[in-house]
$ cat run.txt   # compact mmCIF, C-alpha atoms
# COMPACT_ATOMS: atom_id res chain seq x y z
CA MET A 141 -27.31 2.30 -93.68
CA ASN A 142 -30.40 4.50 -93.59
CA HIS A 143 -30.15 8.12 -92.53
CA ILE A 144 -30.84 8.54 -88.81
CA PRO A 145 -31.82 12.12 -87.96
CA PRO A 146 -31.30 13.79 -84.57
CA LEU A 147 -35.09 13.69 -84.26
CA ASP A 148 -37.99 13.04 -86.64
CA LEU A 149 -40.99 15.25 -86.01
CA SER A 150 -42.90 13.81 -88.96
CA LEU A 151 -43.20 10.44 -87.21
CA GLN A 152 -44.68 12.09 -84.13
CA TYR A 153 -47.10 14.08 -86.25
CA HIS A 154 -48.51 10.96 -87.90
CA THR A 155 -49.56 9.61 -84.49
CA ILE A 156 -51.66 12.71 -83.68
CA ALA A 157 -52.52 13.97 -87.16
CA GLN A 158 -56.29 13.45 -86.93
CA GLU A 159 -56.50 15.20 -83.54
CA VAL A 160 -54.39 18.11 -84.70
CA GLU A 161 -56.12 18.62 -88.03
CA ALA A 162 -59.59 18.61 -86.46
CA SER A 163 -58.54 21.06 -83.76
CA VAL A 164 -56.75 23.40 -86.16
CA LEU A 165 -59.65 23.49 -88.62
CA ALA A 166 -62.05 24.31 -85.79
CA LEU A 167 -59.77 27.10 -84.63
CA LEU A 168 -59.44 28.54 -88.13
CA ALA A 169 -63.21 28.60 -88.44
CA SER A 170 -63.55 30.38 -85.09
CA GLY A 171 -61.68 33.50 -86.17
CA ARG A 172 -59.97 33.77 -82.74
CA TYR A 173 -56.27 33.59 -83.61
CA ILE A 174 -54.69 35.70 -80.86
CA GLY A 175 -55.63 35.08 -77.24
CA GLY A 176 -59.09 33.72 -76.61
CA PRO A 177 -60.37 30.62 -74.83
CA VAL A 178 -57.95 28.14 -76.42
CA VAL A 179 -54.91 29.99 -75.05
CA ALA A 180 -56.54 30.38 -71.63
CA GLU A 181 -57.42 26.66 -71.52
CA PHE A 182 -53.87 25.66 -72.41
CA GLU A 183 -52.44 27.91 -69.70
CA GLN A 184 -54.71 26.28 -67.12
CA GLN A 185 -53.84 22.78 -68.30
CA PHE A 186 -50.11 23.44 -68.38
CA ALA A 187 -50.12 24.99 -64.91
CA ALA A 188 -51.97 21.93 -63.59
CA TYR A 189 -49.47 19.61 -65.29
CA ILE A 190 -46.43 21.42 -63.84
CA GLY A 191 -48.07 21.79 -60.43
CA THR A 192 -48.35 25.57 -60.15
CA THR A 193 -51.30 27.92 -59.76
CA HIS A 194 -50.35 30.20 -62.66
CA CYS A 195 -49.07 29.87 -66.22
CA VAL A 196 -48.38 32.87 -68.46
CA SER A 197 -47.86 31.92 -72.09
CA CYS A 198 -45.60 33.92 -74.39
CA ASN A 199 -43.84 33.92 -77.73
CA SER A 200 -40.70 31.88 -76.90
CA GLY A 201 -38.57 30.36 -74.19
CA THR A 202 -36.24 33.34 -74.46
CA ASP A 203 -39.11 35.72 -73.81
CA ALA A 204 -40.15 33.54 -70.86
CA LEU A 205 -36.75 34.13 -69.26
CA TYR A 206 -36.87 37.84 -69.99
CA LEU A 207 -40.39 38.23 -68.55
CA ALA A 208 -39.39 36.31 -65.42
CA LEU A 209 -36.34 38.48 -64.77
CA ARG A 210 -38.30 41.66 -65.39
CA ALA A 211 -41.16 40.58 -63.12
CA LEU A 212 -38.65 39.86 -60.37
CA ASN A 213 -37.29 43.41 -60.77
CA ILE A 214 -33.80 42.20 -61.64
CA GLY A 215 -31.85 44.80 -63.59
CA PRO A 216 -28.78 47.06 -63.73
CA GLY A 217 -26.36 46.61 -60.85
CA ASP A 218 -27.66 43.11 -60.04
CA GLU A 219 -25.85 39.81 -60.45
CA VAL A 220 -27.51 36.54 -61.43
CA ILE A 221 -25.69 33.24 -60.94
CA THR A 222 -26.05 30.77 -63.77
CA THR A 223 -24.32 27.96 -65.64
CA PRO A 224 -21.70 28.51 -68.35
CA PHE A 225 -22.78 25.36 -70.19
CA THR A 226 -26.09 25.94 -71.92
CA PHE A 227 -27.63 27.79 -74.85
CA PHE A 228 -26.82 31.51 -75.06
CA ALA A 229 -30.43 32.62 -74.37
CA THR A 230 -29.97 31.89 -70.66
CA SER A 231 -27.21 34.44 -70.10
CA GLU A 232 -28.42 36.68 -72.92
CA THR A 233 -31.63 37.50 -71.06
CA ILE A 234 -29.67 38.33 -67.89
CA SER A 235 -27.61 40.79 -69.92
CA ARG A 236 -30.70 42.06 -71.72
CA VAL A 237 -32.31 43.28 -68.48
CA GLY A 238 -29.06 45.03 -67.57
CA ALA A 239 -27.85 42.55 -64.94
CA THR A 240 -24.52 40.70 -64.92
CA PRO A 241 -24.29 36.91 -65.36
CA VAL A 242 -21.99 35.19 -62.86
CA PHE A 243 -20.95 31.75 -64.08
CA VAL A 244 -20.52 28.75 -61.80
CA ASP A 245 -18.94 25.52 -63.07
CA ILE A 246 -20.89 22.31 -63.68
CA VAL A 247 -20.86 18.70 -62.51
CA PRO A 248 -19.60 16.28 -65.18
CA GLU A 249 -22.30 13.64 -64.59
CA THR A 250 -25.31 15.72 -65.67
CA PHE A 251 -23.65 18.86 -67.12
CA ASN A 252 -25.74 20.93 -64.69
CA LEU A 253 -24.65 23.72 -62.35
CA ASP A 254 -22.58 22.44 -59.41
CA VAL A 255 -24.60 23.29 -56.29
CA ASP A 256 -21.48 22.75 -54.14
CA ARG A 257 -19.88 25.79 -55.79
CA LEU A 258 -22.95 28.01 -55.48
CA GLU A 259 -22.40 29.82 -52.17
CA ALA A 260 -18.87 30.87 -53.08
CA ALA A 261 -20.28 32.89 -55.99
CA ILE A 262 -22.84 34.83 -53.92
CA THR A 263 -22.01 38.50 -53.33
CA GLU A 264 -23.89 41.50 -51.98
CA LYS A 265 -25.01 42.19 -55.57
CA THR A 266 -26.49 38.73 -56.16
CA ARG A 267 -30.24 38.90 -56.72
CA GLY A 268 -31.05 35.53 -58.25
CA ILE A 269 -30.02 32.11 -59.51
CA LEU A 270 -30.99 31.14 -63.06
CA VAL A 271 -30.64 27.38 -63.04
CA VAL A 272 -30.85 25.24 -66.20
CA HIS A 273 -32.15 21.67 -66.24
CA LEU A 274 -29.91 20.80 -69.19
CA TYR A 275 -30.61 18.04 -71.72
CA GLY A 276 -33.72 17.13 -69.70
CA GLN A 277 -31.89 16.32 -66.43
CA PRO A 278 -33.05 18.11 -63.26
CA VAL A 279 -30.70 20.03 -60.99
CA GLU A 280 -30.46 19.18 -57.27
CA MET A 281 -33.28 21.55 -56.41
CA THR A 282 -33.65 20.66 -52.71
CA ARG A 283 -30.15 21.88 -51.87
CA LEU A 284 -30.28 24.75 -54.32
CA MET A 285 -33.55 26.11 -52.88
CA ALA A 286 -32.20 25.84 -49.34
CA ILE A 287 -29.19 27.98 -50.30
CA ALA A 288 -31.37 30.46 -52.18
CA ASN A 289 -33.79 30.82 -49.28
CA GLN A 290 -30.93 31.29 -46.82
CA HIS A 291 -29.60 34.20 -48.90
CA ASN A 292 -33.02 35.56 -49.95
CA LEU A 293 -32.39 34.98 -53.65
CA ALA A 294 -34.94 34.52 -56.42
CA VAL A 295 -34.72 31.23 -58.33
CA ILE A 296 -35.57 31.09 -62.02
CA GLU A 297 -35.76 27.59 -63.49
CA ASP A 298 -34.85 27.33 -67.17
CA CYS A 299 -36.90 24.27 -68.13
CA ALA A 300 -36.60 24.68 -71.91
CA GLN A 301 -35.24 21.15 -72.36
CA SER A 302 -36.91 19.45 -69.42
CA THR A 303 -40.71 19.62 -69.55
CA GLY A 304 -41.99 16.75 -67.41
CA ALA A 305 -38.74 16.08 -65.53
CA THR A 306 -38.95 15.77 -61.75
CA TRP A 307 -36.79 16.28 -58.68
CA GLY A 308 -37.99 14.59 -55.50
CA GLY A 309 -41.32 13.89 -57.18
CA GLN A 310 -41.97 17.54 -58.11
CA ARG A 311 -41.95 18.68 -61.71
CA VAL A 312 -39.31 21.18 -62.73
CA GLY A 313 -40.81 24.62 -63.04
CA SER A 314 -42.72 24.29 -59.78
CA MET A 315 -39.88 24.55 -57.25
CA GLY A 316 -38.31 27.92 -57.98
CA HIS A 317 -40.06 31.28 -57.92
CA VAL A 318 -40.68 30.95 -61.67
CA GLY A 319 -40.24 28.22 -64.27
CA CYS A 320 -39.49 29.12 -67.88
CA PHE A 321 -40.42 26.81 -70.76
CA SER A 322 -39.78 26.70 -74.49
CA PHE A 323 -42.16 25.10 -76.98
CA PHE A 324 -39.70 25.24 -79.86
CA PRO A 325 -40.46 22.23 -82.11
CA THR A 326 -37.41 20.23 -80.96
CA LYS A 327 -38.43 20.30 -77.28
CA ASN A 328 -40.17 17.40 -75.54
CA LEU A 329 -43.37 19.44 -75.71
CA GLY A 330 -42.92 21.28 -78.97
CA ALA A 331 -45.30 23.44 -80.97
CA PHE A 332 -45.52 23.70 -84.76
CA GLY A 333 -43.69 27.01 -84.48
CA ASP A 334 -42.26 28.97 -81.59
CA GLY A 335 -43.79 29.48 -78.18
CA GLY A 336 -43.05 29.61 -74.47
CA ALA A 337 -44.55 29.90 -71.00
CA VAL A 338 -43.72 30.91 -67.44
CA THR A 339 -45.12 29.09 -64.42
CA THR A 340 -45.34 30.42 -60.87
CA ASN A 341 -47.27 30.17 -57.61
CA ASP A 342 -46.98 33.91 -56.99
CA PRO A 343 -50.06 35.83 -58.25
CA ALA A 344 -48.21 39.16 -58.20
CA ILE A 345 -45.42 37.82 -60.42
CA ALA A 346 -47.97 36.31 -62.81
CA ALA A 347 -49.90 39.57 -62.99
CA GLN A 348 -46.74 41.56 -63.69
CA MET A 349 -45.69 39.20 -66.49
CA ARG A 350 -49.11 39.51 -68.12
CA ILE A 351 -48.67 43.28 -68.16
CA LEU A 352 -45.11 43.13 -69.47
CA LYS A 353 -45.91 40.75 -72.32
CA GLU A 354 -48.67 43.11 -73.58
CA HIS A 355 -46.51 46.22 -74.12
CA GLY A 356 -46.59 46.98 -70.40
CA ALA A 357 -50.34 47.65 -70.52
CA SER A 358 -52.68 46.87 -67.63
CA GLY A 359 -55.62 47.81 -69.86
CA ARG A 360 -55.95 48.64 -73.50
CA TYR A 361 -53.95 51.78 -74.31
CA TYR A 362 -52.96 52.30 -70.65
CA HIS A 363 -49.27 51.48 -70.19
CA GLU A 364 -47.60 51.12 -66.80
CA SER A 365 -44.13 50.21 -68.04
CA VAL A 366 -42.11 49.51 -71.16
CA GLY A 367 -42.89 45.92 -72.03
CA ILE A 368 -42.72 43.71 -75.11
CA ASN A 369 -45.12 42.06 -77.53
CA SER A 370 -44.94 38.38 -76.63
CA ARG A 371 -47.99 36.21 -77.18
CA LEU A 372 -48.55 32.51 -77.78
CA ASP A 373 -50.93 32.41 -80.73
CA ALA A 374 -54.09 30.33 -80.49
CA LEU A 375 -53.03 27.93 -83.24
CA GLN A 376 -49.97 26.85 -81.26
CA ALA A 377 -52.00 26.64 -78.05
CA ALA A 378 -54.49 24.31 -79.73
CA ILE A 379 -51.68 22.03 -80.92
CA LEU A 380 -49.94 22.10 -77.54
CA GLN A 381 -53.18 21.08 -75.78
CA ILE A 382 -53.20 17.90 -77.84
CA LYS A 383 -49.50 17.18 -77.45
CA LEU A 384 -49.64 17.74 -73.69
CA ARG A 385 -51.97 14.73 -73.41
CA HIS A 386 -49.28 12.55 -75.04
CA LEU A 387 -46.25 14.04 -73.29
CA ASP A 388 -45.87 11.52 -70.47
CA PHE A 389 -45.99 8.62 -72.92
CA TRP A 390 -43.37 10.26 -75.14
CA ASN A 391 -41.15 10.97 -72.14
CA ASP A 392 -41.46 7.34 -71.02
CA ARG A 393 -40.31 6.28 -74.48
CA ARG A 394 -37.31 8.60 -74.22
CA ARG A 395 -36.41 7.04 -70.86
CA ALA A 396 -36.60 3.54 -72.35
CA ILE A 397 -34.40 4.59 -75.27
CA ALA A 398 -31.88 6.16 -72.86
CA GLN A 399 -31.71 2.94 -70.86
CA ASN A 400 -31.08 0.99 -74.04
CA TYR A 401 -28.30 3.40 -75.01
CA HIS A 402 -26.79 2.83 -71.55
CA ARG A 403 -26.80 -0.93 -72.17
CA LEU A 404 -25.40 -0.74 -75.69
CA LEU A 405 -22.64 1.71 -74.73
CA ALA A 406 -21.53 -0.10 -71.57
CA PRO A 407 -18.71 -2.05 -73.32
CA LEU A 408 -17.19 1.12 -74.80
CA ALA A 409 -14.69 2.35 -72.24
CA GLU A 410 -13.83 5.47 -74.23
CA ILE A 411 -17.43 6.72 -74.14
CA ILE A 412 -18.81 8.31 -70.95
CA PRO A 413 -22.62 8.07 -70.94
CA PRO A 414 -24.82 10.68 -69.23
CA GLN A 415 -26.13 9.95 -65.75
CA GLU A 416 -29.16 10.69 -63.60
CA LEU A 417 -28.70 11.82 -60.02
CA PRO A 418 -30.57 9.96 -57.26
CA GLY A 419 -33.79 11.84 -56.60
CA GLY A 420 -34.17 13.06 -60.15
CA GLN A 421 -36.02 11.70 -63.14
CA GLY A 422 -34.97 13.13 -66.48
CA VAL A 423 -36.84 13.34 -69.75
CA TRP A 424 -33.85 13.01 -72.11
CA ASN A 425 -34.36 15.88 -74.50
CA GLN A 426 -30.84 14.94 -75.55
CA TYR A 427 -28.75 11.84 -74.99
CA THR A 428 -25.31 13.40 -74.67
CA ILE A 429 -22.17 11.32 -74.32
CA ARG A 430 -18.63 12.44 -73.62
CA VAL A 431 -15.82 11.24 -75.88
CA LYS A 432 -12.67 10.72 -73.85
CA SER A 433 -9.67 12.50 -75.27
CA GLN A 434 -6.07 13.07 -74.25
CA GLU A 435 -5.98 16.15 -76.46
CA GLU A 436 -6.55 19.67 -75.14
CA ASN A 437 -9.04 20.35 -77.92
CA SER A 438 -12.09 18.80 -79.52
CA GLN A 439 -10.37 17.14 -82.49
CA ARG A 440 -11.20 13.55 -81.51
CA ARG A 441 -14.84 14.35 -80.81
CA ASP A 442 -15.08 16.33 -84.02
CA ARG A 443 -13.59 13.48 -86.06
CA LEU A 444 -16.11 11.08 -84.55
CA GLN A 445 -18.97 13.46 -85.31
CA GLN A 446 -17.79 13.83 -88.90
CA GLN A 447 -17.54 10.06 -89.40
CA LEU A 448 -21.00 9.48 -87.95
CA ASN A 449 -22.53 12.21 -90.08
CA GLU A 450 -20.84 10.89 -93.21
CA SER A 451 -22.30 7.44 -92.50
CA GLY A 452 -25.82 8.87 -92.18
CA ILE A 453 -26.01 9.26 -88.40
CA ALA A 454 -26.82 12.80 -87.26
CA ALA A 455 -24.71 13.58 -84.18
CA THR A 456 -24.79 17.11 -82.78
CA VAL A 457 -22.61 19.18 -80.46
CA TYR A 458 -24.48 21.14 -77.78
CA TYR A 459 -22.41 23.32 -76.96
CA PRO A 460 -18.94 23.85 -78.48
CA LEU A 461 -17.99 27.02 -76.58
CA ALA A 462 -18.87 27.69 -72.94
CA LEU A 463 -20.67 30.96 -72.26
CA HIS A 464 -17.94 32.55 -70.15
CA LEU A 465 -15.60 32.33 -73.16
CA GLN A 466 -18.04 33.83 -75.66
CA PRO A 467 -16.76 37.02 -77.34
CA ILE A 468 -19.59 39.11 -75.88
CA TYR A 469 -18.48 38.28 -72.33
CA GLN A 470 -14.77 39.01 -72.66
CA GLY A 471 -15.28 42.10 -70.51
CA LEU A 472 -16.40 39.99 -67.52
CA GLY A 473 -12.82 38.89 -66.89
CA TYR A 474 -13.08 35.12 -67.33
CA ALA A 475 -10.11 33.27 -68.78
CA LEU A 476 -9.54 29.84 -70.25
CA GLY A 477 -9.24 27.37 -67.37
CA ASP A 478 -11.44 29.30 -64.93
CA LEU A 479 -14.39 26.90 -65.34
CA ALA A 480 -12.50 23.79 -66.30
CA ILE A 481 -15.31 21.22 -66.22
CA ALA A 482 -17.57 23.24 -68.51
CA GLU A 483 -14.64 23.82 -70.85
CA GLN A 484 -13.84 20.11 -70.93
CA ALA A 485 -17.49 19.30 -71.60
CA SER A 486 -17.52 21.67 -74.57
CA ARG A 487 -14.59 19.66 -76.03
CA GLU A 488 -16.08 16.22 -75.39
CA VAL A 489 -19.89 16.30 -75.64
CA LEU A 490 -21.74 14.69 -78.52
CA SER A 491 -25.51 14.25 -78.64
CA LEU A 492 -26.79 11.08 -80.31
CA PRO A 493 -30.15 10.76 -82.09
CA MET A 494 -32.95 10.85 -79.51
CA PHE A 495 -36.70 10.95 -80.10
CA PRO A 496 -39.62 8.77 -78.92
CA GLU A 497 -39.95 6.92 -82.23
CA LEU A 498 -36.25 5.92 -82.45
CA SER A 499 -36.11 2.18 -83.07
CA GLU A 500 -33.92 -0.50 -81.50
CA GLU A 501 -32.35 -1.13 -84.91
CA GLN A 502 -31.49 2.54 -85.33
CA GLN A 503 -29.87 2.64 -81.90
CA GLN A 504 -27.80 -0.39 -82.79
CA GLU A 505 -26.64 1.35 -85.96
CA VAL A 506 -25.66 4.43 -83.97
CA VAL A 507 -23.60 2.39 -81.53
CA TYR A 508 -22.05 0.39 -84.39
CA GLY A 509 -20.92 3.70 -85.84
CA LEU A 510 -19.27 4.60 -82.51
CA LYS A 511 -17.57 1.21 -82.31
CA SER A 512 -16.31 1.55 -85.88
CA PHE A 513 -14.58 4.83 -85.03
CA LEU A 514 -13.13 3.65 -81.73

$ encode --input "run.txt" --output "structure tokens"
Amino acid sequence: MNHIPPLDLSLQYHTIAQEVEASVLALLASGRYIGGPVVAEFEQQFAAYIGTTHCVSCNSGTDALYLALRALNIGPGDEVITTPFTFFATSETISRVGATPVFVDIVPETFNLDVDRLEAAITEKTRGILVVHLYGQPVEMTRLMAIANQHNLAVIEDCAQSTGATWGGQRVGSMGHVGCFSFFPTKNLGAFGDGGAVTTNDPAIAAQMRILKEHGASGRYYHESVGINSRLDALQAAILQIKLRHLDFWNDRRRAIAQNYHRLLAPLAEIIPPQELPGGQGVWNQYTIRVKSQEENSQRRDRLQQQLNESGIAATVYYPLALHLQPIYQGLGYALGDLAIAEQASREVLSLPMFPELSEEQQQEVVYGLKSFL
């Protein structure tokens, strides 16, 4: 059996190598490496793709979340509702601005925040909802926005894993007050380094983020607030311009691969495949199954992961410990069992290899490895 990686960025590069190399060489010759027309052009193109009037690029998806929260004036004394089942950056940025994350359990089908549980978590201190479109699957944004509007809450969309996904025909990142994106290389739209962006239809929010990301300066050496240094360099912007033109094709390939996984896994009763909700169209940044277990721990899933990895199949766990149980949040008062679905997911999830160039034969080998264990 050949080694099957979780993703293979070298295969993607070969398909766009000539475009990238020509663009990068032209940029190097220009001498404009920070800011400049290439960054501005990418921001315009990305805003148009998402369906917003503004895009503010930055250094990372984490910085995108931080800039969004700061621009919305969320800080000490405020609460922000979010999911306990995602990467730490989501809650980390809430804590970083001085606010308190309030965790709401997830739905097992998509691993996303359970909108039915949302209103029960709203208090007089709640200022916003930071919703994550996890693994490339969109949240039920129609219902979520209705609740947010009713309670006058800001909505921040964490779209790090979901660039190009849609809910009700609208792209994620265009429905909330701000959309936050990561261009980390493993994302559907990934740079050749780190990078991020925030999208919005609010010119005041966009203007504030541009100030914050440049050390809080509205003009050179004139500082209105304490900001950060967070810029998308021109080299990454040039590469992202090229990759953006291919993104829909790559996302279509991911959807086809996901459908084939569905078909191949259908006979395996002990495997629960991921689902899409009616009204949503995912982009499958990850294809994450659940491994049924009678145990109150992750031993069966972990044994399966070990066997797959030993046979050359890279299977990954995103995420083994829910956020409300992380050591840093012990002071928030959550206990084991409080958010039972997220906790169960952390014991059962396993992400299979997923990238646009994954072949039918490789998928068959992955599923054979699952069958062999079961």

$ atom_distance --input "run.txt" --atom1 "atom CA of A:Thr223" --atom2 "atom CA of A:Lys432"
22.4 Å

$ residues_around --input "run.txt" --residues "A:Glu364" --least-positions-apart "3" --cutoff "10 Å" --atoms "all atoms listed in the file" --output "ChimeraX atom specification"
/A:351-352,355-359,361,367

$ residues_around --input "run.txt" --residues "A:Asp245" --least-positions-apart "5" --cutoff "8 Å" --atoms "only C-alpha atoms" --output "list in words"
Thr223, Pro224, Leu253, Asp254, Arg257, Leu479, Ala480, Ile481 and Ala482 of chain A

$ closest_atom_pairs --input "run.txt" --of "stretch 255-357 of chain A" --to "stretch 194-205 of chain A" --cutoff "6 Å" --atoms "all atoms listed in the file" --output "tab-separated table"
residue	atom	partner	partner_atom	distance
A:Cys320	CA	A:Ala204	CA	5.4
A:Phe321	CA	A:Gly201	CA	5.3
A:Ser322	CA	A:Gly201	CA	3.9
A:Asp334	CA	A:Ser200	CA	5.7
A:Gly335	CA	A:Ser200	CA	4.1
A:Gly336	CA	A:Ser200	CA	4.1
A:Ala337	CA	A:Ser197	CA	4.0
A:Val338	CA	A:Val196	CA	5.2
A:Thr339	CA	A:Cys195	CA	4.4
A:Thr340	CA	A:His194	CA	5.3
A:Asn341	CA	A:His194	CA	5.9

$ closest_residue --input "run.txt" --among "A:Glu159, A:Asp478, A:Asp442, A:Glu483" --to "A:Leu461" --atoms "all atoms listed in the file"
A:Glu483

$ closest_residue --input "run.txt" --among "A:Ile221, A:Ile246, A:Ala162, A:Ala286" --to "A:Leu270" --atoms "only C-alpha atoms"
A:Ile221

$ closest_residue --input "run.txt" --among "A:Leu384, A:Ala211, A:Asn425, A:Leu476" --to "A:Arg350" --atoms "only C-alpha atoms"
A:Ala211

$ atom_distance --input "run.txt" --atom1 "atom CA of A:Thr428" --atom2 "atom CA of A:His317"
28.6 Å

$ residues_around --input "run.txt" --residues "A:Gln290" --least-positions-apart "6" --cutoff "12 Å" --atoms "only C-alpha atoms" --output "number ranges by chain"
A: 259, 262, 283-284

$ atom_distance --input "run.txt" --atom1 "atom CA of A:Tyr427" --atom2 "atom CA of A:Leu492"
5.7 Å

$ closest_residue --input "run.txt" --among "A:Trp390, A:Ser235, A:Tyr275, A:Gly419" --to "A:Gly309" --atoms "only C-alpha atoms"
A:Gly419

$ residues_around --input "run.txt" --residues "A:Leu151" --least-positions-apart "3" --cutoff "10 Å" --atoms "all atoms listed in the file" --output "number ranges by chain"
A: 147-148, 154-157, 495-498

$ closest_residue --input "run.txt" --among "A:Leu165, A:Arg210, A:Glu500, A:Pro145" --to "A:Ser365" --atoms "all atoms listed in the file"
A:Arg210

$ closest_residue --input "run.txt" --among "A:Gly420, A:Gly330, A:Gly176, A:Pro343" --to "A:Gln376" --atoms "all atoms listed in the file"
A:Gly330

$ residues_around --input "run.txt" --residues "A:Lys265" --least-positions-apart "4" --cutoff "8 Å" --atoms "all atoms listed in the file" --output "list in words"
Gly217, Asp218 and Glu219 of chain A

$ axis_aligned_box --input "run.txt" --around "stretch 260-264 of chain A" --padding-each-side "5 Å" --output "lines of an AutoDock Vina configuration file"
center_x = -21.4
center_y = 36.2
center_z = -54.0
size_x = 15.0
size_y = 20.6
size_z = 14.0

$ decode --input "run.txt" --residues "stretch 355-376 of chain A" --atoms "N, CA and C atoms" --output "short mmCIF file (atom, residue, chain, number, x, y, z; two decimals), in the first residue's frame"
data_model
loop_
_atom_site.label_atom_id
_atom_site.label_comp_id
_atom_site.auth_asym_id
_atom_site.auth_seq_id
_atom_site.Cartn_x
_atom_site.Cartn_y
_atom_site.Cartn_z
N HIS A 355 -1.01 49.00 13.60
CA HIS A 355 -0.60 49.58 14.88
C HIS A 355 -1.56 50.66 15.38
N GLY A 356 -2.83 50.57 14.97
CA GLY A 356 -3.80 51.56 15.44
C GLY A 356 -3.62 52.92 14.81
N ALA A 357 -2.97 52.99 13.66
CA ALA A 357 -2.64 54.28 13.04
C ALA A 357 -3.60 54.60 11.90
N SER A 358 -4.19 55.79 11.95
CA SER A 358 -5.03 56.26 10.85
C SER A 358 -4.19 56.92 9.76
N GLY A 359 -3.00 57.34 10.11
CA GLY A 359 -2.02 57.90 9.18
C GLY A 359 -0.65 57.59 9.73
N ARG A 360 0.35 57.70 8.93
CA ARG A 360 1.68 57.31 9.36
C ARG A 360 2.12 58.13 10.58
N TYR A 361 2.45 57.39 11.65
CA TYR A 361 2.93 57.95 12.91
C TYR A 361 1.84 58.66 13.71
N TYR A 362 0.57 58.50 13.34
CA TYR A 362 -0.54 59.07 14.11
C TYR A 362 -1.45 57.92 14.54
N HIS A 363 -1.41 57.62 15.85
CA HIS A 363 -2.03 56.40 16.37
C HIS A 363 -3.26 56.73 17.20
N GLU A 364 -4.40 56.15 16.81
CA GLU A 364 -5.66 56.39 17.49
C GLU A 364 -5.93 55.38 18.60
N SER A 365 -5.33 54.21 18.50
CA SER A 365 -5.57 53.16 19.48
C SER A 365 -4.37 52.22 19.48
N VAL A 366 -4.38 51.27 20.41
CA VAL A 366 -3.34 50.25 20.45
C VAL A 366 -3.77 49.11 19.53
N GLY A 367 -3.08 48.97 18.44
CA GLY A 367 -3.43 47.92 17.48
C GLY A 367 -2.39 46.83 17.44
N ILE A 368 -2.27 46.20 16.29
CA ILE A 368 -1.28 45.14 16.08
C ILE A 368 -0.66 45.34 14.71
N ASN A 369 0.37 44.58 14.43
CA ASN A 369 1.00 44.57 13.11
C ASN A 369 0.55 43.30 12.40
N SER A 370 -0.39 43.44 11.48
CA SER A 370 -0.98 42.25 10.86
C SER A 370 -1.25 42.53 9.38
N ARG A 371 -0.31 42.13 8.54
CA ARG A 371 -0.43 42.41 7.11
C ARG A 371 -0.28 41.14 6.29
N LEU A 372 -1.06 41.02 5.24
CA LEU A 372 -0.87 39.97 4.25
C LEU A 372 0.19 40.47 3.28
N ASP A 373 1.32 39.76 3.18
CA ASP A 373 2.37 40.27 2.30
C ASP A 373 1.99 40.05 0.83
N ALA A 374 2.60 40.84 -0.03
CA ALA A 374 2.23 40.87 -1.44
C ALA A 374 2.49 39.53 -2.13
N LEU A 375 3.52 38.82 -1.70
CA LEU A 375 3.82 37.52 -2.30
C LEU A 375 2.66 36.56 -2.11
N GLN A 376 2.12 36.50 -0.89
CA GLN A 376 0.97 35.62 -0.64
C GLN A 376 -0.26 36.09 -1.39
#
